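J.: One file is attached below, structure06.cif, containing mmCIF, C-alpha atoms.
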data_input
loop_
_atom_site.label_atom_id
_atom_site.label_comp_id
_atom_site.auth_asym_id
_atom_site.auth_seq_id
_atom_site.Cartn_x
_atom_site.Cartn_y
_atom_site.Cartn_z
CA MET H 1 -17.20 -44.46 -2.99
CA LYS H 2 -15.81 -42.14 -5.63
CA ALA H 3 -17.95 -39.24 -4.34
CA LEU H 4 -16.80 -39.87 -0.78
CA ARG H 5 -13.20 -39.81 -1.88
CA ALA H 6 -13.72 -36.55 -3.78
CA THR H 7 -15.40 -34.97 -0.76
CA GLY H 8 -12.54 -36.05 1.49
CA SER H 9 -9.97 -34.66 -0.92
CA THR H 10 -11.87 -31.36 -1.11
CA PHE H 11 -11.86 -30.99 2.68
CA ILE H 12 -8.16 -31.80 2.87
CA PHE H 13 -7.53 -29.24 0.13
CA LEU H 14 -9.57 -26.56 1.96
CA GLY H 15 -7.88 -27.39 5.26
CA LEU H 16 -4.44 -26.98 3.72
CA SER H 17 -5.53 -23.68 2.16
CA ILE H 18 -6.68 -22.41 5.58
CA LEU H 19 -3.39 -23.49 7.15
CA PHE H 20 -1.61 -21.65 4.36
CA PHE H 21 -3.60 -18.53 5.22
CA VAL H 22 -2.62 -18.80 8.89
CA LEU H 23 1.01 -19.09 7.76
CA TYR H 24 0.59 -15.98 5.59
CA GLU H 25 -1.06 -13.99 8.37
CA LEU H 26 1.23 -14.91 11.24
CA VAL H 27 4.57 -15.46 9.52
CA GLY H 28 4.52 -13.97 6.01
CA THR H 29 3.20 -10.50 6.81
CA SER H 30 5.28 -10.23 9.98
CA ALA H 31 8.46 -11.08 8.08
CA ILE H 32 7.78 -8.17 5.72
CA THR H 33 7.13 -5.73 8.58
CA LYS H 34 10.10 -7.00 10.60
CA ALA H 35 12.46 -6.25 7.71
CA ARG H 36 10.90 -2.81 7.23
CA GLN H 37 11.06 -2.03 10.96
CA SER H 38 14.72 -3.02 11.00
CA ASP H 39 15.42 -0.46 8.26
CA LEU H 40 13.26 2.16 9.99
CA GLN H 41 15.04 1.60 13.32
CA ALA H 42 18.45 2.00 11.65
CA ASP H 43 17.40 5.18 9.82
CA PHE H 44 15.75 6.63 12.92
CA SER H 45 18.80 6.03 15.11
CA LEU H 46 21.03 7.59 12.45
CA ALA H 47 18.75 10.62 12.19
CA LEU H 48 18.76 11.09 15.98
CA GLU H 49 22.54 10.76 16.16
CA GLY H 50 22.87 13.31 13.38
CA GLY H 51 20.76 15.74 15.37
CA ALA H 52 18.12 15.95 12.64
CA LEU H 53 15.03 18.01 13.41
CA PRO H 54 11.63 16.62 12.45
CA ASP H 55 9.63 17.99 9.56
CA PRO H 56 7.26 20.55 11.15
CA PHE H 57 4.24 19.21 9.25
CA THR H 58 4.70 15.45 9.17
CA GLY H 59 7.12 15.01 12.07
CA GLU H 60 9.29 12.78 9.87
CA LEU H 61 12.96 12.69 10.71
CA PRO H 62 15.28 13.35 7.76
CA LEU H 63 18.59 11.53 7.53
CA PRO H 64 21.92 13.39 7.57
CA GLN H 65 22.72 14.42 3.98
CA ALA H 66 25.54 11.95 3.36
CA SER H 67 23.51 8.99 4.61
CA LYS H 68 21.71 6.65 2.28
CA PRO H 69 18.23 5.77 3.59
CA ARG H 70 17.50 2.09 4.09
CA SER H 71 13.75 2.57 4.27
CA ALA H 72 11.50 4.07 1.59
CA ILE H 73 9.66 6.13 4.21
CA ARG H 74 10.72 8.01 7.34
CA GLY H 75 9.76 7.30 10.91
CA ILE H 76 8.32 10.02 13.11
CA ALA H 77 8.86 8.50 16.55
CA ARG H 78 10.12 5.48 18.42
CA LEU H 79 7.35 4.05 20.57
CA ARG H 80 8.24 1.88 23.54
CA ILE H 81 5.81 0.03 25.79
CA PRO H 82 8.04 -1.61 28.42
CA LYS H 83 5.34 -3.78 29.99
CA ILE H 84 4.67 -5.73 26.80
CA GLY H 85 8.12 -5.42 25.23
CA VAL H 86 7.14 -3.17 22.33
CA ASN H 87 9.83 -1.08 20.62
CA VAL H 88 8.68 0.14 17.22
CA ILE H 89 9.06 3.05 14.86
CA VAL H 90 5.87 4.99 14.16
CA VAL H 91 5.28 6.17 10.60
CA GLU H 92 3.06 8.94 9.31
CA GLY H 93 -0.34 7.83 7.99
CA ILE H 94 -2.88 5.11 8.71
CA THR H 95 -3.44 3.53 5.32
CA LEU H 96 -2.94 -0.24 5.31
CA GLU H 97 0.12 0.28 3.11
CA ARG H 98 1.66 2.52 5.79
CA LEU H 99 0.63 0.25 8.67
CA ALA H 100 2.51 -2.56 6.95
CA TYR H 101 5.64 -0.65 8.00
CA GLY H 102 4.60 -0.21 11.63
CA PRO H 103 2.13 1.71 13.79
CA GLY H 104 0.85 4.82 12.04
CA HIS H 105 0.16 8.33 13.27
CA TYR H 106 -3.32 9.67 12.44
CA PRO H 107 -2.60 12.72 10.22
CA SER H 108 -5.76 14.38 11.57
CA THR H 109 -4.32 14.45 15.10
CA PRO H 110 -1.51 16.62 16.53
CA ASN H 111 2.10 15.51 16.31
CA PHE H 112 3.95 14.36 19.42
CA GLY H 113 4.64 17.40 21.59
CA GLU H 114 1.71 19.40 20.25
CA LYS H 115 -1.33 20.26 22.32
CA GLY H 116 -4.18 17.75 22.05
CA ALA H 117 -4.38 13.99 21.66
CA VAL H 118 -1.84 12.23 19.45
CA GLY H 119 -3.51 9.26 17.71
CA VAL H 120 -1.59 6.12 16.74
CA ALA H 121 -3.05 2.99 15.08
CA GLY H 122 -1.33 -0.37 15.03
CA HIS H 123 -1.98 -3.93 13.89
CA ARG H 124 -3.10 -6.57 16.36
CA THR H 125 -2.74 -9.52 13.99
CA GLY H 126 -0.04 -10.02 11.40
CA TRP H 127 2.26 -7.30 10.04
CA GLY H 128 4.44 -7.58 13.12
CA ALA H 129 1.36 -7.22 15.38
CA PRO H 130 2.92 -4.40 17.43
CA PHE H 131 -0.25 -4.00 19.51
CA PHE H 132 -0.96 -7.72 19.98
CA ASN H 133 -0.77 -7.52 23.78
CA VAL H 134 -2.02 -3.99 24.44
CA ASP H 135 -5.06 -5.48 26.19
CA ARG H 136 -2.65 -6.38 29.02
CA LEU H 137 -1.98 -2.72 29.74
CA ARG H 138 -3.62 -1.30 32.85
CA PRO H 139 -4.08 2.26 34.13
CA GLY H 140 -0.70 3.55 35.26
CA ASP H 141 1.33 1.63 32.67
CA GLN H 142 3.80 3.66 30.66
CA VAL H 143 4.31 4.37 26.99
CA ILE H 144 7.44 6.25 25.93
CA ALA H 145 7.65 8.13 22.63
CA GLU H 146 11.00 9.40 21.40
CA THR H 147 11.09 12.00 18.63
CA GLY H 148 13.68 14.35 17.20
CA ASN H 149 12.49 17.00 19.65
CA ALA H 150 12.02 15.20 22.94
CA THR H 151 11.20 12.05 24.83
CA TYR H 152 7.60 11.94 26.00
CA THR H 153 6.39 9.64 28.75
CA TYR H 154 2.70 8.84 28.92
CA ARG H 155 0.73 7.02 31.58
CA MET H 156 -2.38 5.03 30.76
CA THR H 157 -5.62 6.38 32.17
CA THR H 158 -8.32 4.11 30.75
CA SER H 159 -9.41 2.01 27.79
CA ARG H 160 -12.62 1.27 25.97
CA VAL H 161 -13.97 -0.76 23.07
CA VAL H 162 -15.88 0.99 20.30
CA SER H 163 -17.26 -0.02 16.95
CA PRO H 164 -15.41 1.20 13.85
CA GLY H 165 -16.07 4.80 12.87
CA HIS H 166 -16.12 6.28 16.38
CA SER H 167 -13.45 8.80 15.48
CA GLU H 168 -14.46 11.05 18.41
CA VAL H 169 -12.20 8.89 20.60
CA LEU H 170 -9.28 10.58 18.86
CA ASP H 171 -10.19 13.75 20.76
CA GLY H 172 -8.74 12.06 23.83
CA ASN H 173 -10.10 10.84 27.14
CA PRO H 174 -13.12 13.05 27.96
CA ASN H 175 -12.59 12.43 31.68
CA SER H 176 -9.01 13.63 31.64
CA ARG H 177 -7.93 17.22 32.08
CA ALA H 178 -4.51 16.61 30.56
CA GLU H 179 -3.79 18.91 27.62
CA PHE H 180 -1.33 16.46 26.08
CA GLN H 181 -2.66 12.97 25.51
CA LEU H 182 -1.94 9.84 23.50
CA VAL H 183 -4.58 7.54 22.02
CA LEU H 184 -3.67 4.07 20.74
CA THR H 185 -6.16 2.22 18.53
CA THR H 186 -6.14 -1.36 17.34
CA CYS H 187 -8.49 -4.18 16.34
CA THR H 188 -10.36 -6.25 18.88
CA PRO H 189 -11.05 -9.09 19.57
CA LYS H 190 -7.72 -10.51 18.43
CA PHE H 191 -7.74 -11.94 14.88
CA THR H 192 -10.79 -9.95 13.82
CA ALA H 193 -11.56 -6.41 12.69
CA ARG H 194 -14.97 -6.35 14.41
CA ASP H 195 -14.35 -3.59 16.97
CA ARG H 196 -11.59 -1.20 18.01
CA LEU H 197 -9.74 -1.21 21.31
CA ILE H 198 -8.89 2.32 22.38
CA LEU H 199 -6.30 3.11 25.05
CA PHE H 200 -5.95 6.59 26.51
CA PHE H 201 -2.78 8.03 28.02
CA ASP H 202 -1.85 11.34 29.68
CA LEU H 203 1.52 12.96 29.20
CA VAL H 204 3.46 12.87 32.46
CA SER H 205 6.89 14.06 31.39
CA GLU H 206 8.67 15.65 28.47
CA VAL H 207 12.44 15.66 28.27
CA PRO H 208 13.77 17.82 25.41
CA ARG H 209 16.67 16.41 23.42
CA ALA H 210 19.94 18.05 24.36
CA MET O 1 -9.67 -39.99 -21.65
CA ARG O 2 -6.19 -39.06 -20.53
CA ILE O 3 -5.61 -35.43 -19.56
CA LEU O 4 -2.09 -35.60 -18.13
CA PRO O 5 0.87 -36.73 -20.25
CA LYS O 6 2.18 -40.29 -20.10
CA HIS O 7 5.62 -39.45 -18.83
CA ARG O 8 5.89 -39.34 -15.06
CA GLY O 9 8.27 -36.38 -15.06
CA GLN O 10 5.88 -34.28 -17.13
CA ARG O 11 2.97 -35.19 -14.90
CA ILE O 12 4.91 -34.14 -11.80
CA ALA O 13 5.96 -30.87 -13.49
CA ILE O 14 2.38 -30.00 -14.40
CA LYS O 15 1.06 -30.83 -10.94
CA LEU O 16 3.86 -28.78 -9.34
CA ALA O 17 3.07 -25.81 -11.61
CA LEU O 18 -0.61 -26.03 -10.68
CA VAL O 19 0.13 -26.16 -6.96
CA LEU O 20 2.60 -23.26 -7.16
CA GLY O 21 0.19 -21.21 -9.27
CA TYR O 22 -2.63 -21.83 -6.82
CA ALA O 23 -0.36 -20.90 -3.90
CA ALA O 24 0.75 -17.71 -5.65
CA ILE O 25 -2.84 -16.63 -6.34
CA LEU O 26 -3.69 -17.21 -2.68
CA TRP O 27 -0.57 -15.47 -1.34
CA PHE O 28 -0.58 -12.40 -3.56
CA TRP O 29 -4.28 -11.87 -4.19
CA VAL O 30 -6.73 -13.80 -2.02
CA PHE O 31 -4.93 -13.57 1.34
CA PRO O 32 -4.20 -9.81 1.16
CA TRP O 33 -7.88 -9.25 0.36
CA LEU O 34 -8.99 -11.45 3.27
CA ASP O 35 -6.52 -9.66 5.55
CA ARG O 36 -7.67 -6.14 4.77
CA THR O 37 -11.36 -7.06 4.64
CA TYR O 38 -11.84 -9.27 7.68
CA ILE O 39 -8.72 -9.38 9.83
CA ASN O 40 -6.89 -6.08 9.93
CA ARG O 41 -8.33 -2.57 9.97
CA PRO O 42 -6.90 -1.06 13.13
CA ALA O 43 -7.63 2.55 12.20
CA LEU O 44 -11.01 4.08 12.97
#
Using structure tokens, write down the structure that the file contains.

T.:
Amino acid sequence: MKALRATGSTFIFLGLSILFFVLYELVGTSAITKARQSDLQADFSLALEGGALPDPFTGELPLPQASKPRSAIRGIARLRIPKIGVNVIVVEGITLERLAYGPGHYPSTPNFGEKGAVGVAGHRTGWGAPFFNVDRLRPGDQVIAETGNATYTYRMTTSRVVSPGHSEVLDGNPNSRAEFQLVLTTCTPKFTARDRLILFFDLVSEVPRA
Amino acid sequence: MRILPKHRGQRIAIKLALVLGYAAILWFWVFPWLDRTYINRPAL
């Protein structure tokens, strides 16, 4: 009887620990990222209003001199995906520390507006999960990227699932002739890091900032 | 053999400290490790 009771208590204890993990993953991490994104959005808007030009190497937007930054790091672009209600600031770098701020730009790929395929990675689970619903995107759907230089509109061409390490997908869609592309990467299936979902986009318009 | 103190208040305080300590270890050490190892690695 005593052993049965101990076993039952152990399972209850483990169950509560798992529930605690779900709480951490879905609520705790997202609260951190939400606060950081709020600061990034405020800084980014301020930088755009101040007419700041992006750093030529990192693309990061500096704040006007008199302004005190709210975020420890700078955003490089505002990424909007109207179909799934995404509006996030992209930061430079793809380390997990950086991705805890928001989607990250692959430093090995061109910046927005440069020739080639711009690569952006984003979380699918936790940390704000900016790319949680990207699997709902279909060819033709739009992604809009706003930087200090211009507003770029991309249209989705195709998607594919690859195992981790297939960095050749960052070269862009091999079946597209577009010189300016965007590649979004995230984990798939949801709630695991087993594979990567890759979405390819072609640039369809570029409107320079006045 | 009695491990916990006799006073109810002290027993509650010790149990609370154990629960909070366990939760803190999970939140700040175990969960971040689980997250970056099994759940979240969106980059290639």

J.: Residues of chain H within 8 Å of chain O, using all atoms listed in the file, as an MDAnalysis selection string?

T.: chainID H and resid 21 24:25 94 96 121:125 164:167 185:187 191:194 196

J.: Any idea what the distance is between atom CA of Ser176 of chain H and atom CA of Tyr154 of chain H?

T.: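 The value is 12.9 Å.
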
J.: Which residues are near Pro62 of chain H? Cut-off 7 Å, only C-alpha atoms, ignore same chain within fewer than 5 positions. Put them as a PDB file with C-alpha atoms, in the frame of the given file.

T.:
ATOM      1  CA  ALA H  47      18.750  10.620  12.190  1.00  0.00           C
ATOM      2  CA  ALA H  52      18.120  15.950  12.640  1.00  0.00           C
ATOM      3  CA  PRO H  54      11.630  16.620  12.450  1.00  0.00           C
TER       4      PRO H  54
END

J.: The PyMOL selection byres ((chain H and resi 39) around 12) on the file shown: which residues, as number ranges by chain?

T.: H: 32-38, 40-46, 68-75, 88-89, 101-102

J.: Using all atoms listed in the file, determine which residues lie at most 12 Å from Val120 of chain H, disregarding the query and same-chain residues fewer than 6 positions distant; provide the list as an NGL selection string.

T.: (:H and (76-79 or 88-95 or 98-99 or 102-112 or 130-131 or 143 or 145 or 169-170 or 172 or 181-186 or 197-201)) or (:O and (42-44))

J.: Can you pull out every residue within 10 Å of Leu4 of chain O, counting all atoms listed in the file, but drop anything in the same chain fewer than 6 positions away, and send it as number ranges by chain?

T.: O: 10-12, 14-15

J.: As an exercise, work out the distance from atom CA of Gly15 of chain H to atom CA of Phe132 of chain H in Å and give it to one decimal place.

T.: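 Pair atom CA of Gly15 of chain H / atom CA of Phe132 of chain H returns 25.5 Å.
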
J.: Hey, can you check how far atom CA of Asp202 of chain H sits from atom CA of Glu114 of chain H?

T.: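 Those two atoms sit 12.9 Å apart.
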
J.: What are the centre and edge lengths in Å, to one decimal, of the axis-aligned box around all listed atoms of segment 8-23 of chain O with 3 Å added on each side, as AutoDock Vina command-line options?

T.:
--center_x 2.8 --center_y -30.1 --center_z -10.5 --size_x 16.9 --size_y 24.4 --size_z 19.2

J.: Since the input is missing atoms, can you rebuild N, CA and C atoms for segment 21-41 of chain O and write them as a compact mmCIF listing (two decimals), keeping the file's coordinate frame?

T.:
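What ended up in selection.txt:
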# COMPACT_ATOMS: atom_id res chain seq x y z
N GLY O 21 1.07 -22.26 -8.75
CA GLY O 21 0.19 -21.21 -9.27
C GLY O 21 -0.94 -20.92 -8.32
N TYR O 22 -1.54 -21.99 -7.79
CA TYR O 22 -2.63 -21.83 -6.82
C TYR O 22 -2.12 -21.11 -5.57
N ALA O 23 -0.94 -21.53 -5.09
CA ALA O 23 -0.36 -20.90 -3.90
C ALA O 23 -0.07 -19.42 -4.15
N ALA O 24 0.42 -19.11 -5.33
CA ALA O 24 0.75 -17.71 -5.65
C ALA O 24 -0.50 -16.85 -5.69
N ILE O 25 -1.56 -17.39 -6.28
CA ILE O 25 -2.84 -16.63 -6.34
C ILE O 25 -3.35 -16.37 -4.92
N LEU O 26 -3.26 -17.39 -4.07
CA LEU O 26 -3.69 -17.21 -2.68
C LEU O 26 -2.84 -16.16 -1.99
N TRP O 27 -1.51 -16.31 -2.09
CA TRP O 27 -0.57 -15.47 -1.34
C TRP O 27 -0.62 -14.00 -1.76
N PHE O 28 -0.70 -13.78 -3.07
CA PHE O 28 -0.58 -12.40 -3.56
C PHE O 28 -1.92 -11.72 -3.83
N TRP O 29 -3.01 -12.49 -3.85
CA TRP O 29 -4.28 -11.87 -4.19
C TRP O 29 -5.38 -12.17 -3.16
N VAL O 30 -5.63 -13.44 -2.92
CA VAL O 30 -6.73 -13.80 -2.02
C VAL O 30 -6.42 -13.43 -0.56
N PHE O 31 -5.25 -13.82 -0.06
CA PHE O 31 -4.93 -13.57 1.34
C PHE O 31 -4.85 -12.07 1.67
N PRO O 32 -4.20 -11.25 0.85
CA PRO O 32 -4.20 -9.81 1.16
C PRO O 32 -5.62 -9.23 1.22
N TRP O 33 -6.49 -9.73 0.34
CA TRP O 33 -7.88 -9.25 0.36
C TRP O 33 -8.58 -9.68 1.65
N LEU O 34 -8.40 -10.96 2.02
CA LEU O 34 -8.99 -11.45 3.27
C LEU O 34 -8.46 -10.66 4.46
N ASP O 35 -7.17 -10.39 4.45
CA ASP O 35 -6.52 -9.66 5.55
C ASP O 35 -7.12 -8.27 5.73
N ARG O 36 -7.20 -7.52 4.61
CA ARG O 36 -7.67 -6.14 4.77
C ARG O 36 -9.18 -6.04 4.92
N THR O 37 -9.91 -7.10 4.54
CA THR O 37 -11.36 -7.06 4.64
C THR O 37 -11.88 -7.57 5.98
N TYR O 38 -11.28 -8.64 6.47
CA TYR O 38 -11.84 -9.27 7.68
C TYR O 38 -10.93 -9.26 8.91
N ILE O 39 -9.63 -9.18 8.70
CA ILE O 39 -8.72 -9.38 9.83
C ILE O 39 -8.14 -8.09 10.37
N ASN O 40 -7.71 -7.20 9.50
CA ASN O 40 -6.89 -6.08 9.93
C ASN O 40 -7.36 -4.72 9.42
N ARG O 41 -8.03 -3.98 10.28
CA ARG O 41 -8.33 -2.57 9.97
C ARG O 41 -8.24 -1.77 11.26
